[in-house]
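Shown next: target-v9.pdb, given as PDB, C-alpha atoms.
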```pdb
ATOM      1  CA  MET B   1     -54.450 -96.379  -9.991  1.00  0.00           C
ATOM      2  CA  LYS B   2     -54.281 -93.826  -7.167  1.00  0.00           C
ATOM      3  CA  ILE B   3     -52.735 -90.439  -7.900  1.00  0.00           C
ATOM      4  CA  ARG B   4     -50.434 -89.176  -5.138  1.00  0.00           C
ATOM      5  CA  THR B   5     -51.315 -85.459  -4.837  1.00  0.00           C
ATOM      6  CA  LEU B   6     -50.170 -84.738  -1.321  1.00  0.00           C
ATOM      7  CA  PRO B   7     -46.491 -84.066  -2.121  1.00  0.00           C
ATOM      8  CA  ILE B   8     -47.517 -81.763  -4.987  1.00  0.00           C
ATOM      9  CA  LEU B   9     -49.924 -79.803  -2.757  1.00  0.00           C
ATOM     10  CA  THR B  10     -47.273 -79.535  -0.056  1.00  0.00           C
ATOM     11  CA  CYS B  11     -44.764 -78.121  -2.521  1.00  0.00           C
ATOM     12  CA  LEU B  12     -47.316 -75.603  -3.795  1.00  0.00           C
ATOM     13  CA  LEU B  13     -48.109 -74.451  -0.255  1.00  0.00           C
ATOM     14  CA  VAL B  14     -44.424 -74.011   0.535  1.00  0.00           C
ATOM     15  CA  LEU B  15     -43.892 -71.987  -2.636  1.00  0.00           C
ATOM     16  CA  MET B  16     -46.974 -69.836  -1.952  1.00  0.00           C
ATOM     17  CA  THR B  17     -45.842 -69.165   1.634  1.00  0.00           C
ATOM     18  CA  ALA B  18     -42.369 -68.154   0.451  1.00  0.00           C
ATOM     19  CA  ALA B  19     -43.888 -65.883  -2.198  1.00  0.00           C
ATOM     20  CA  CYS B  20     -46.186 -64.254   0.362  1.00  0.00           C
ATOM     21  CA  SER B  21     -43.280 -63.667   2.717  1.00  0.00           C
ATOM     22  CA  GLU B  22     -41.280 -62.098  -0.104  1.00  0.00           C
ATOM     23  CA  ASN B  23     -44.257 -59.943  -1.123  1.00  0.00           C
ATOM     24  CA  ASP B  24     -44.721 -58.783   2.485  1.00  0.00           C
ATOM     25  CA  LYS B  25     -41.103 -57.639   2.559  1.00  0.00           C
ATOM     26  CA  LEU B  26     -41.448 -55.910  -0.795  1.00  0.00           C
ATOM     27  CA  ASP B  27     -44.684 -54.226   0.325  1.00  0.00           C
ATOM     28  CA  GLU B  28     -43.015 -52.772   3.406  1.00  0.00           C
ATOM     29  CA  PHE B  29     -40.688 -50.742   1.179  1.00  0.00           C
ATOM     30  CA  HIS B  30     -43.131 -50.198  -1.690  1.00  0.00           C
ATOM     31  CA  ASP B  31     -42.861 -46.716  -3.241  1.00  0.00           C
ATOM     32  CA  TRP B  32     -40.110 -46.080  -0.699  1.00  0.00           C
ATOM     33  CA  GLN B  33     -38.651 -42.921  -2.217  1.00  0.00           C
ATOM     34  CA  SER B  34     -41.938 -41.012  -2.375  1.00  0.00           C
ATOM     35  CA  ARG B  35     -42.933 -42.185   1.114  1.00  0.00           C
ATOM     36  CA  ASN B  36     -39.642 -40.948   2.511  1.00  0.00           C
ATOM     37  CA  ASP B  37     -40.030 -37.642   0.664  1.00  0.00           C
ATOM     38  CA  ALA B  38     -43.530 -37.252   2.118  1.00  0.00           C
ATOM     39  CA  TYR B  39     -42.291 -38.083   5.621  1.00  0.00           C
ATOM     40  CA  MET B  40     -39.554 -35.443   5.488  1.00  0.00           C
ATOM     41  CA  ASP B  41     -41.995 -32.918   4.031  1.00  0.00           C
ATOM     42  CA  SER B  42     -44.236 -33.480   7.067  1.00  0.00           C
ATOM     43  CA  ILE B  43     -41.310 -32.950   9.454  1.00  0.00           C
ATOM     44  CA  ALA B  44     -40.265 -29.770   7.634  1.00  0.00           C
ATOM     45  CA  ASP B  45     -43.849 -28.459   7.572  1.00  0.00           C
ATOM     46  CA  TYR B  46     -44.167 -29.033  11.317  1.00  0.00           C
ATOM     47  CA  VAL B  47     -40.913 -27.220  12.086  1.00  0.00           C
ATOM     48  CA  ASN B  48     -41.793 -24.344   9.767  1.00  0.00           C
ATOM     49  CA  ALA B  49     -45.277 -23.983  11.241  1.00  0.00           C
ATOM     50  CA  HIS B  50     -44.328 -24.188  14.916  1.00  0.00           C
ATOM     51  CA  TYR B  51     -40.816 -22.888  15.337  1.00  0.00           C
ATOM     52  CA  THR B  52     -39.372 -20.618  12.670  1.00  0.00           C
ATOM     53  CA  ASP B  53     -41.209 -17.520  13.906  1.00  0.00           C
ATOM     54  CA  ARG B  54     -39.611 -18.001  17.317  1.00  0.00           C
ATOM     55  CA  GLY B  55     -36.092 -17.754  15.949  1.00  0.00           C
ATOM     56  CA  ILE B  56     -35.086 -21.063  17.513  1.00  0.00           C
ATOM     57  CA  SER B  57     -31.673 -22.457  16.675  1.00  0.00           C
ATOM     58  CA  GLN B  58     -29.404 -25.055  18.194  1.00  0.00           C
ATOM     59  CA  TYR B  59     -27.939 -22.297  20.337  1.00  0.00           C
ATOM     60  CA  ASN B  60     -31.065 -21.335  22.264  1.00  0.00           C
ATOM     61  CA  ALA B  61     -33.324 -24.383  21.969  1.00  0.00           C
ATOM     62  CA  VAL B  62     -34.772 -25.977  25.096  1.00  0.00           C
ATOM     63  CA  GLU B  63     -36.060 -29.508  25.616  1.00  0.00           C
ATOM     64  CA  GLY B  64     -38.830 -30.292  23.156  1.00  0.00           C
ATOM     65  CA  ASP B  65     -37.867 -27.584  20.671  1.00  0.00           C
ATOM     66  CA  MET B  66     -37.182 -28.359  17.021  1.00  0.00           C
ATOM     67  CA  PHE B  67     -35.024 -26.533  14.510  1.00  0.00           C
ATOM     68  CA  ARG B  68     -33.229 -27.145  11.253  1.00  0.00           C
ATOM     69  CA  ILE B  69     -29.548 -26.898  10.308  1.00  0.00           C
ATOM     70  CA  LEU B  70     -28.335 -26.341   6.768  1.00  0.00           C
ATOM     71  CA  SER B  71     -25.999 -29.021   5.439  1.00  0.00           C
ATOM     72  CA  TYR B  72     -22.406 -28.055   6.077  1.00  0.00           C
ATOM     73  CA  ARG B  73     -21.649 -28.687   2.412  1.00  0.00           C
ATOM     74  CA  LEU B  74     -23.996 -25.967   1.156  1.00  0.00           C
ATOM     75  CA  ASP B  75     -23.413 -22.232   0.773  1.00  0.00           C
ATOM     76  CA  PRO B  76     -25.518 -20.387   3.385  1.00  0.00           C
ATOM     77  CA  ALA B  77     -25.676 -17.340   1.122  1.00  0.00           C
ATOM     78  CA  VAL B  78     -27.980 -19.184  -1.310  1.00  0.00           C
ATOM     79  CA  THR B  79     -31.614 -18.453  -0.413  1.00  0.00           C
ATOM     80  CA  GLU B  80     -33.468 -20.950  -2.630  1.00  0.00           C
ATOM     81  CA  ARG B  81     -33.626 -24.118  -0.552  1.00  0.00           C
ATOM     82  CA  GLU B  82     -35.256 -27.547  -0.547  1.00  0.00           C
ATOM     83  CA  VAL B  83     -36.373 -29.677   2.394  1.00  0.00           C
ATOM     84  CA  SER B  84     -33.472 -32.055   1.761  1.00  0.00           C
ATOM     85  CA  ASP B  85     -30.906 -29.274   2.237  1.00  0.00           C
ATOM     86  CA  TYR B  86     -31.440 -29.416   6.008  1.00  0.00           C
ATOM     87  CA  VAL B  87     -31.329 -31.814   8.914  1.00  0.00           C
ATOM     88  CA  TYR B  88     -34.172 -31.389  11.400  1.00  0.00           C
ATOM     89  CA  CYS B  89     -33.453 -31.765  15.102  1.00  0.00           C
ATOM     90  CA  ARG B  90     -35.498 -32.112  18.291  1.00  0.00           C
ATOM     91  CA  VAL B  91     -33.911 -31.594  21.699  1.00  0.00           C
ATOM     92  CA  LEU B  92     -34.820 -34.593  23.868  1.00  0.00           C
ATOM     93  CA  LYS B  93     -32.563 -33.573  26.741  1.00  0.00           C
ATOM     94  CA  LYS B  94     -30.202 -30.683  27.404  1.00  0.00           C
ATOM     95  CA  GLY B  95     -26.756 -31.645  28.593  1.00  0.00           C
ATOM     96  CA  ASP B  96     -24.494 -29.813  31.008  1.00  0.00           C
ATOM     97  CA  GLY B  97     -21.657 -29.398  28.521  1.00  0.00           C
ATOM     98  CA  THR B  98     -20.518 -26.063  27.163  1.00  0.00           C
ATOM     99  CA  VAL B  99     -18.282 -27.242  24.314  1.00  0.00           C
ATOM    100  CA  SER B 100     -19.211 -28.489  20.837  1.00  0.00           C
ATOM    101  CA  PRO B 101     -16.971 -30.722  18.727  1.00  0.00           C
ATOM    102  CA  ALA B 102     -15.183 -29.502  15.627  1.00  0.00           C
ATOM    103  CA  PHE B 103     -15.725 -31.158  12.273  1.00  0.00           C
ATOM    104  CA  THR B 104     -12.298 -32.804  12.564  1.00  0.00           C
ATOM    105  CA  ASP B 105     -12.793 -34.058  16.155  1.00  0.00           C
ATOM    106  CA  GLU B 106     -13.351 -37.576  17.384  1.00  0.00           C
ATOM    107  CA  VAL B 107     -16.523 -37.988  19.459  1.00  0.00           C
ATOM    108  CA  LEU B 108     -18.074 -40.645  21.670  1.00  0.00           C
ATOM    109  CA  ILE B 109     -21.794 -41.040  21.022  1.00  0.00           C
ATOM    110  CA  ASP B 110     -24.638 -43.311  22.028  1.00  0.00           C
ATOM    111  CA  TYR B 111     -27.072 -43.724  19.156  1.00  0.00           C
ATOM    112  CA  ARG B 112     -29.982 -45.590  17.645  1.00  0.00           C
ATOM    113  CA  CYS B 113     -30.777 -45.267  13.934  1.00  0.00           C
ATOM    114  CA  ARG B 114     -34.289 -46.056  12.723  1.00  0.00           C
ATOM    115  CA  LEU B 115     -36.085 -45.874   9.390  1.00  0.00           C
ATOM    116  CA  ILE B 116     -39.456 -44.207   8.922  1.00  0.00           C
ATOM    117  CA  PRO B 117     -42.486 -45.959  10.482  1.00  0.00           C
ATOM    118  CA  THR B 118     -44.098 -48.776   8.502  1.00  0.00           C
ATOM    119  CA  GLU B 119     -46.990 -51.103   9.231  1.00  0.00           C
ATOM    120  CA  GLU B 120     -44.564 -53.864  10.237  1.00  0.00           C
ATOM    121  CA  HIS B 121     -42.362 -51.479  12.255  1.00  0.00           C
ATOM    122  CA  PRO B 122     -44.614 -48.689  13.604  1.00  0.00           C
ATOM    123  CA  ASP B 123     -41.712 -47.088  15.481  1.00  0.00           C
ATOM    124  CA  GLY B 124     -39.358 -47.505  12.534  1.00  0.00           C
ATOM    125  CA  PHE B 125     -37.061 -50.434  11.839  1.00  0.00           C
ATOM    126  CA  VAL B 126     -33.869 -50.231  13.912  1.00  0.00           C
ATOM    127  CA  ALA B 127     -31.127 -50.275  11.291  1.00  0.00           C
ATOM    128  CA  ASP B 128     -28.123 -49.667  13.560  1.00  0.00           C
ATOM    129  CA  GLN B 129     -27.429 -48.799  17.174  1.00  0.00           C
ATOM    130  CA  SER B 130     -24.933 -48.690  19.979  1.00  0.00           C
ATOM    131  CA  PHE B 131     -27.722 -49.001  22.568  1.00  0.00           C
ATOM    132  CA  LYS B 132     -27.603 -52.229  24.560  1.00  0.00           C
ATOM    133  CA  THR B 133     -31.065 -51.764  26.079  1.00  0.00           C
ATOM    134  CA  ASP B 134     -34.497 -50.926  24.655  1.00  0.00           C
ATOM    135  CA  THR B 135     -34.508 -47.593  26.436  1.00  0.00           C
ATOM    136  CA  PHE B 136     -31.342 -45.557  26.676  1.00  0.00           C
ATOM    137  CA  ASP B 137     -29.409 -46.018  29.925  1.00  0.00           C
ATOM    138  CA  PRO B 138     -25.964 -44.364  30.110  1.00  0.00           C
ATOM    139  CA  SER B 139     -24.909 -46.740  32.881  1.00  0.00           C
ATOM    140  CA  THR B 140     -25.279 -49.819  30.667  1.00  0.00           C
ATOM    141  CA  ASN B 141     -24.333 -48.459  27.246  1.00  0.00           C
ATOM    142  CA  ILE B 142     -20.819 -48.073  25.904  1.00  0.00           C
ATOM    143  CA  PRO B 143     -20.514 -45.098  23.517  1.00  0.00           C
ATOM    144  CA  ALA B 144     -19.190 -45.633  20.008  1.00  0.00           C
ATOM    145  CA  SER B 145     -16.225 -43.640  18.733  1.00  0.00           C
ATOM    146  CA  PHE B 146     -16.357 -41.762  15.427  1.00  0.00           C
ATOM    147  CA  LYS B 147     -14.643 -38.888  13.693  1.00  0.00           C
ATOM    148  CA  VAL B 148     -17.287 -36.297  12.877  1.00  0.00           C
ATOM    149  CA  SER B 149     -15.862 -35.884   9.382  1.00  0.00           C
ATOM    150  CA  GLU B 150     -16.362 -39.596   8.651  1.00  0.00           C
ATOM    151  CA  LEU B 151     -20.090 -39.610   9.445  1.00  0.00           C
ATOM    152  CA  VAL B 152     -22.839 -39.247   6.846  1.00  0.00           C
ATOM    153  CA  ASN B 153     -23.492 -35.667   5.763  1.00  0.00           C
ATOM    154  CA  GLY B 154     -26.537 -35.219   8.010  1.00  0.00           C
ATOM    155  CA  MET B 155     -24.794 -36.431  11.150  1.00  0.00           C
ATOM    156  CA  ALA B 156     -21.646 -34.444  10.341  1.00  0.00           C
ATOM    157  CA  THR B 157     -23.916 -31.393  10.085  1.00  0.00           C
ATOM    158  CA  ALA B 158     -25.760 -31.919  13.381  1.00  0.00           C
ATOM    159  CA  ILE B 159     -23.103 -33.273  15.772  1.00  0.00           C
ATOM    160  CA  PRO B 160     -20.933 -30.093  15.748  1.00  0.00           C
ATOM    161  CA  ALA B 161     -23.977 -28.151  16.982  1.00  0.00           C
ATOM    162  CA  MET B 162     -24.428 -30.376  20.059  1.00  0.00           C
ATOM    163  CA  LYS B 163     -22.911 -29.987  23.516  1.00  0.00           C
ATOM    164  CA  GLU B 164     -21.679 -32.807  25.740  1.00  0.00           C
ATOM    165  CA  GLY B 165     -24.627 -34.549  27.368  1.00  0.00           C
ATOM    166  CA  ASP B 166     -27.168 -33.351  24.792  1.00  0.00           C
ATOM    167  CA  ILE B 167     -29.632 -35.937  23.504  1.00  0.00           C
ATOM    168  CA  TRP B 168     -31.208 -35.077  20.145  1.00  0.00           C
ATOM    169  CA  ARG B 169     -33.476 -36.769  17.659  1.00  0.00           C
ATOM    170  CA  ILE B 170     -32.030 -36.006  14.227  1.00  0.00           C
ATOM    171  CA  TYR B 171     -34.110 -36.441  11.056  1.00  0.00           C
ATOM    172  CA  ILE B 172     -31.825 -36.863   8.052  1.00  0.00           C
ATOM    173  CA  PRO B 173     -33.248 -36.757   4.492  1.00  0.00           C
ATOM    174  CA  TYR B 174     -31.891 -39.542   2.348  1.00  0.00           C
ATOM    175  CA  ARG B 175     -29.908 -37.068   0.233  1.00  0.00           C
ATOM    176  CA  LEU B 176     -27.891 -36.235   3.365  1.00  0.00           C
ATOM    177  CA  GLY B 177     -27.693 -39.904   4.335  1.00  0.00           C
ATOM    178  CA  TYR B 178     -26.949 -42.789   1.977  1.00  0.00           C
ATOM    179  CA  ASN B 179     -29.009 -41.273  -0.866  1.00  0.00           C
ATOM    180  CA  LYS B 180     -29.655 -43.808  -3.670  1.00  0.00           C
ATOM    181  CA  THR B 181     -27.312 -46.422  -2.191  1.00  0.00           C
ATOM    182  CA  GLU B 182     -28.548 -49.490  -0.321  1.00  0.00           C
ATOM    183  CA  ARG B 183     -26.407 -50.125   2.725  1.00  0.00           C
ATOM    184  CA  SER B 184     -26.705 -53.357   4.713  1.00  0.00           C
ATOM    185  CA  SER B 185     -30.249 -53.312   6.175  1.00  0.00           C
ATOM    186  CA  ILE B 186     -30.933 -49.755   4.971  1.00  0.00           C
ATOM    187  CA  PRO B 187     -32.758 -49.544   1.607  1.00  0.00           C
ATOM    188  CA  ALA B 188     -31.933 -46.839  -0.914  1.00  0.00           C
ATOM    189  CA  TYR B 189     -33.807 -43.539  -0.436  1.00  0.00           C
ATOM    190  CA  SER B 190     -34.118 -44.045   3.319  1.00  0.00           C
ATOM    191  CA  THR B 191     -34.658 -41.201   5.749  1.00  0.00           C
ATOM    192  CA  LEU B 192     -32.497 -41.819   8.837  1.00  0.00           C
ATOM    193  CA  VAL B 193     -33.917 -40.987  12.265  1.00  0.00           C
ATOM    194  CA  PHE B 194     -31.140 -40.908  14.855  1.00  0.00           C
ATOM    195  CA  ASP B 195     -31.507 -40.648  18.614  1.00  0.00           C
ATOM    196  CA  VAL B 196     -28.053 -39.425  19.617  1.00  0.00           C
ATOM    197  CA  ARG B 197     -26.382 -38.597  22.916  1.00  0.00           C
ATOM    198  CA  LEU B 198     -23.075 -36.755  22.680  1.00  0.00           C
ATOM    199  CA  ALA B 199     -21.381 -38.602  25.504  1.00  0.00           C
ATOM    200  CA  GLU B 200     -17.933 -37.073  25.323  1.00  0.00           C
ATOM    201  CA  ILE B 201     -15.501 -35.076  23.232  1.00  0.00           C
ATOM    202  CA  PRO B 202     -12.204 -36.759  24.111  1.00  0.00           C
ATOM    203  CA  GLU B 203      -9.089 -34.664  24.335  1.00  0.00           C
ATOM    204  CA  GLN B 204      -7.800 -34.520  20.794  1.00  0.00           C
ATOM    205  CA  ASN B 205      -4.225 -35.583  20.050  1.00  0.00           C
TER     206      ASN B 205
END
```
Since I need it in another form, could you write the structure as structure tokens?
Amino acid sequence: MKIRTLPILTCLLVLMTAACSENDKLDEFHDWQSRNDAYMDSIADYVNAHYTDRGISQYNAVEGDMFRILSYRLDPAVTEREVSDYVYCRVLKKGDGTVSPAFTDEVLIDYRCRLIPTEEHPDGFVADQSFKTDTFDPSTNIPASFKVSELVNGMATAIPAMKEGDIWRIYIPYRLGYNKTERSSIPAYSTLVFDVRLAEIPEQN
């Protein structure tokens, strides 16, 4: 009597392929908290090594400069600080605006939010965006409307330091983002890397 092995082998191959795919996904976020901590440490070390002695802040930075801003929720009088107490910002483009939004204001922003680079996503997985094109083009993108106070801590810290037309890259430690909470396509303990253009501060009602 002949033994029919083909269906069994096919099932095994399907199961192995599914398991490999699942393992690949798990591997991408393996040891995610410590990798995100290490990534933010590297950003902080770079800013501290290259910029702090120049006294750069959001008020006098030029294109290419980096600086850090203390979380709005923390007391600036406290001197003992951790990397995760700050957001780290790079000026990609200076705008022509002269006004910054208040914490209670509504703003119109163009943005792309990425996670830290991984082997599968070397530029960082795009977790959320308002961009309609791969590269930012104001003529084809419609800004999204938010109240500054309703944004995650890191964004609510950085946006009030921007001027209309500014484009910044904002590095947000997970403690100033979604922290230990998984949110949609964003795993827990995720650093958020935002490219943000402050398009407009509408007249507030």
(message) Could you check the closest approach to Gly64 in chain B for each of B:Trp168, B:Tyr39, B:Tyr111, B:Tyr174 and tell me which residue wins, using all atoms listed in the file?
(response) B:Trp168
(request) Work out how far CA of Phe67 in chain B is from CA of Cys89 in chain B, in Å to one decimal. (result) 5.5 Å
(request) Could you please determine the separation between CA of Leu151 in chain B and CA of Met40 in chain B in Å, to one decimal place? (result)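 CA of Met40 in chain B lies at a distance of 20.3 Å from CA of Leu151 in chain B.
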(message) Just to confirm, what's the straight-line distance from CA of Lys94 in chain B to CA of Phe194 in chain B in Å (one decimal)?
(response)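 These two atoms are separated by 16.2 Å.
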(request) Counting only C-alpha atoms, write as number ranges by chain all protein and nucleic acid residues lying at most 12 Å from (-40.9, -49.1, 10.0) in the file's frame. (result) B: 25, 27-30, 32, 35-36, 39, 113-127, 186-187, 190-193
(request) Determine the nearest neighbour of Ile201 in chain B from the options B:Asn153, B:Ser184, B:Thr52, B:Ser100, counting only C-alpha atoms. (result)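 For Ile201 in chain B, the nearest of the given residues is B:Ser100.
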